There are 2 protein chains.
Amino acid sequence: MRRMRWPWRLPTRTWGHDSAMYLVVFRNRKRSGIDQQTYADAAARMEELAPAQPGFLSFKSYTAADGEVVALSEWADEAAARAWGRQAEHLAVQAQGRSQWYADYTLFGCNNPRLHTFIHEDPA
Amino acid sequence: MRRMRWPWRLPTRTWGHDSAMYLVVFRNRKRSGIDQQTYADAAARMEELAPAQPGFLSFKSYTAADGEVVALSEWADEAAARAWGRQAEHLAVQAQGRSQWYADYTLFGCNNPRLHTFIHEDPA
């Protein structure tokens with residue numbers, strides 16, 4: 001796994017990748033009236049656990065103007081992403097998410113996506 | 001292309017898809033000090049043009065706490081996504097983006113991603 005110059009600005013570390021990787025795009029909307037603190041605590045715990053998984057490369061979360069969220073995570077390969085999906089504490093939180101938090105979600109799993117990168121050589 | 005029940009809440013239309021599709025994940029950071037109005041005008045023009053392309057399914061943009069942006073677009077297939085990438089006005093804006101706006105970007109192109117969806121049946 002070669003490091004790239006892309007400045008990922010990740011919360012826990014800075015990684016890059018070449019094109020052999022697995023990208024997970026988790027797009028979700030929460031229900032109204034959920035317990036925000038419980039959700040935030042669980043999310044923080046997952047962000048703490050995921051980087052300890054073999055093959056973890058990066059995680060970052062983004063929010064749309066209407067509150068919809070996309071969480072991108074990058075993994076060395078599909079097996080690594082799936083192993084995280086089966087991690088015991090993560091499984092419990094996934095079940096809690098479906099029963100209490102999510103109005104809907106779509107998870108896209110992308111094996112070896114085609115990559116185009118650009119880095120401005122002389123940043124203003 | 002079967003419609004799904006996922007409420008995409010798109011700016012221009014509501015579409016869904018089954019698993020045969022092409023997902024483009026465009027992750028980018030702008031330089032500091034860019035002309036925000038020129039950028040916003042160009043982005044709005046692209047959001048107007050893209051839905052007129054054959055095979056366009058959806059577009060939505062999300063922002064991270066640090067200002068990094070992810071734009072997700074969905075296409076019927078890779079050929080449709082690539083045709084949009086070669087559209088004349090879009091090509092000109094891409095060049096403008098590299099010369100004036102972007103500090104860096106990564107574009108992931110995902111052919112027929114693995115999909116998992118969830119919809120809460122009785123929204124709170």
# chains A, B, ... in the order shown; residues from 1 in each chain; ligands from 1
>>> select_by_dssp(residues="range 51-90 of chain A", states="strand (DSSP E)", output="mmCIF file with N, CA and C atoms, in the first residue's frame")
data_model
loop_
_atom_site.group_PDB
_atom_site.id
_atom_site.type_symbol
_atom_site.label_atom_id
_atom_site.label_comp_id
_atom_site.auth_asym_id
_atom_site.auth_seq_id
_atom_site.Cartn_x
_atom_site.Cartn_y
_atom_site.Cartn_z
ATOM 1 N N PHE A 56 -7.765 -1.056 7.794
ATOM 2 C CA PHE A 56 -8.383 0.275 7.848
ATOM 3 C C PHE A 56 -7.450 1.310 7.232
ATOM 4 N N LEU A 57 -7.997 2.186 6.379
ATOM 5 C CA LEU A 57 -7.188 3.239 5.784
ATOM 6 C C LEU A 57 -7.645 4.636 6.181
ATOM 7 N N SER A 58 -8.953 4.874 6.163
ATOM 8 C CA SER A 58 -9.424 6.221 6.480
ATOM 9 C C SER A 58 -10.920 6.209 6.754
ATOM 10 N N PHE A 59 -11.359 7.255 7.440
ATOM 11 C CA PHE A 59 -12.788 7.491 7.655
ATOM 12 C C PHE A 59 -13.018 8.987 7.671
ATOM 13 N N LYS A 60 -14.096 9.417 7.035
ATOM 14 C CA LYS A 60 -14.468 10.829 7.133
ATOM 15 C C LYS A 60 -15.954 10.985 6.845
ATOM 16 N N SER A 61 -16.586 11.946 7.526
ATOM 17 C CA SER A 61 -18.024 12.151 7.443
ATOM 18 C C SER A 61 -18.338 13.541 6.890
ATOM 19 N N TYR A 62 -19.395 13.614 6.088
ATOM 20 C CA TYR A 62 -19.809 14.838 5.400
ATOM 21 C C TYR A 62 -21.322 14.973 5.528
ATOM 22 N N THR A 63 -21.805 16.207 5.574
ATOM 23 C CA THR A 63 -23.231 16.448 5.770
ATOM 24 C C THR A 63 -23.781 17.343 4.662
ATOM 25 N N VAL A 69 -26.303 12.574 5.606
ATOM 26 C CA VAL A 69 -24.874 12.368 5.883
ATOM 27 C C VAL A 69 -24.298 11.345 4.909
ATOM 28 N N VAL A 70 -23.056 11.569 4.510
ATOM 29 C CA VAL A 70 -22.284 10.528 3.832
ATOM 30 C C VAL A 70 -21.011 10.287 4.615
ATOM 31 N N ALA A 71 -20.784 9.042 4.987
ATOM 32 C CA ALA A 71 -19.534 8.653 5.635
ATOM 33 C C ALA A 71 -18.741 7.826 4.639
ATOM 34 N N LEU A 72 -17.531 8.284 4.334
ATOM 35 C CA LEU A 72 -16.638 7.531 3.451
ATOM 36 C C LEU A 72 -15.639 6.772 4.305
ATOM 37 N N SER A 73 -15.475 5.492 4.052
ATOM 38 C CA SER A 73 -14.362 4.782 4.677
ATOM 39 C C SER A 73 -13.619 3.994 3.614
ATOM 40 N N GLU A 74 -12.320 3.952 3.791
ATOM 41 C CA GLU A 74 -11.450 3.268 2.840
ATOM 42 C C GLU A 74 -10.781 2.106 3.545
ATOM 43 N N TRP A 75 -10.692 0.983 2.826
ATOM 44 C CA TRP A 75 -10.139 -0.258 3.380
ATOM 45 C C TRP A 75 -9.162 -0.845 2.379
#
>>> interface_residues(of="chain A", to="chain B", cutoff="6 Å", atoms="only C-alpha atoms", output="MDAnalysis selection string")
chainID A and resid 62:64 103:110 113:120
>>> write_last_selection(atoms="N, CA and C atoms", output="PDB file, in the first residue's frame")
ATOM      1  N   TYR A  62     -19.395  13.614   6.088  1.00  0.00           N
ATOM      2  CA  TYR A  62     -19.809  14.838   5.400  1.00  0.00           C
ATOM      3  C   TYR A  62     -21.322  14.973   5.528  1.00  0.00           C
ATOM      4  N   THR A  63     -21.805  16.207   5.574  1.00  0.00           N
ATOM      5  CA  THR A  63     -23.231  16.448   5.770  1.00  0.00           C
ATOM      6  C   THR A  63     -23.781  17.343   4.662  1.00  0.00           C
ATOM      7  N   ALA A  64     -24.950  16.995   4.136  1.00  0.00           N
ATOM      8  CA  ALA A  64     -25.606  17.816   3.115  1.00  0.00           C
ATOM      9  C   ALA A  64     -26.392  18.938   3.782  1.00  0.00           C
ATOM     10  N   ALA A 103     -33.614   6.747   9.524  1.00  0.00           N
ATOM     11  CA  ALA A 103     -34.824   6.733   8.694  1.00  0.00           C
ATOM     12  C   ALA A 103     -34.571   5.876   7.455  1.00  0.00           C
ATOM     13  N   ASP A 104     -33.389   6.003   6.886  1.00  0.00           N
ATOM     14  CA  ASP A 104     -33.017   5.185   5.730  1.00  0.00           C
ATOM     15  C   ASP A 104     -31.519   5.323   5.504  1.00  0.00           C
ATOM     16  N   TYR A 105     -30.963   4.338   4.869  1.00  0.00           N
ATOM     17  CA  TYR A 105     -29.564   4.433   4.454  1.00  0.00           C
ATOM     18  C   TYR A 105     -29.325   3.602   3.216  1.00  0.00           C
ATOM     19  N   THR A 106     -28.281   3.966   2.502  1.00  0.00           N
ATOM     20  CA  THR A 106     -27.752   3.131   1.419  1.00  0.00           C
ATOM     21  C   THR A 106     -26.254   3.029   1.625  1.00  0.00           C
ATOM     22  N   LEU A 107     -25.762   1.816   1.623  1.00  0.00           N
ATOM     23  CA  LEU A 107     -24.326   1.569   1.709  1.00  0.00           C
ATOM     24  C   LEU A 107     -23.859   1.048   0.347  1.00  0.00           C
ATOM     25  N   PHE A 108     -22.929   1.783  -0.249  1.00  0.00           N
ATOM     26  CA  PHE A 108     -22.317   1.358  -1.503  1.00  0.00           C
ATOM     27  C   PHE A 108     -20.940   0.769  -1.187  1.00  0.00           C
ATOM     28  N   GLY A 109     -20.662  -0.424  -1.651  1.00  0.00           N
ATOM     29  CA  GLY A 109     -19.328  -1.021  -1.501  1.00  0.00           C
ATOM     30  C   GLY A 109     -18.656  -1.102  -2.859  1.00  0.00           C
ATOM     31  N   CYS A 110     -17.487  -0.446  -2.983  1.00  0.00           N
ATOM     32  CA  CYS A 110     -16.830  -0.285  -4.292  1.00  0.00           C
ATOM     33  C   CYS A 110     -15.456  -0.933  -4.266  1.00  0.00           C
ATOM     34  N   PRO A 113     -12.094   0.985  -7.020  1.00  0.00           N
ATOM     35  CA  PRO A 113     -12.684   2.017  -7.871  1.00  0.00           C
ATOM     36  C   PRO A 113     -11.632   2.624  -8.792  1.00  0.00           C
ATOM     37  N   ARG A 114     -12.107   3.085  -9.929  1.00  0.00           N
ATOM     38  CA  ARG A 114     -11.250   3.877 -10.816  1.00  0.00           C
ATOM     39  C   ARG A 114     -10.924   5.190 -10.107  1.00  0.00           C
ATOM     40  N   LEU A 115      -9.668   5.602 -10.132  1.00  0.00           N
ATOM     41  CA  LEU A 115      -9.235   6.783  -9.384  1.00  0.00           C
ATOM     42  C   LEU A 115      -8.656   7.843 -10.305  1.00  0.00           C
ATOM     43  N   HIS A 116      -9.082   9.093 -10.070  1.00  0.00           N
ATOM     44  CA  HIS A 116      -8.422  10.237 -10.703  1.00  0.00           C
ATOM     45  C   HIS A 116      -8.080  11.209  -9.589  1.00  0.00           C
ATOM     46  N   THR A 117      -6.822  11.604  -9.525  1.00  0.00           N
ATOM     47  CA  THR A 117      -6.443  12.531  -8.459  1.00  0.00           C
ATOM     48  C   THR A 117      -5.791  13.774  -9.062  1.00  0.00           C
ATOM     49  N   PHE A 118      -5.913  14.856  -8.310  1.00  0.00           N
ATOM     50  CA  PHE A 118      -5.297  16.120  -8.700  1.00  0.00           C
ATOM     51  C   PHE A 118      -4.788  16.800  -7.446  1.00  0.00           C
ATOM     52  N   ILE A 119      -3.575  17.325  -7.519  1.00  0.00           N
ATOM     53  CA  ILE A 119      -3.057  18.146  -6.421  1.00  0.00           C
ATOM     54  C   ILE A 119      -2.450  19.402  -7.023  1.00  0.00           C
ATOM     55  N   HIS A 120      -2.939  20.541  -6.585  1.00  0.00           N
ATOM     56  CA  HIS A 120      -2.413  21.817  -7.052  1.00  0.00           C
ATOM     57  C   HIS A 120      -0.992  21.985  -6.525  1.00  0.00           C
TER      58      HIS A 120
END
>>> atom_distance(atom1="CA of Ala83 in chain A", atom2="CA of Gln37 in chain A")
27.0 Å
>>> closest_residue(among="A:Ala42, A:Met21, A:Pro54, A:Asp35", to="Ala92 in chain A", atoms="only C-alpha atoms")
A:Ala42
>>> atom_distance(atom1="CA of Glu89 in chain B", atom2="CA of Gly55 in chain B")
17.7 Å
>>> atom_distance(atom1="CA of Ala79 in chain A", atom2="CA of Ala43 in chain A")
22.2 Å
>>> select_by_dssp(residues="range 36-118 of chain A", states="helix (DSSP H, G or I)", output="ChimeraX atom specification")
/A:36-52,78-85,88-101
>>> closest_residue(among="B:His90, B:Tyr22, B:Arg82, B:Asp77", to="Ala50 in chain B", atoms="only C-alpha atoms")
B:His90
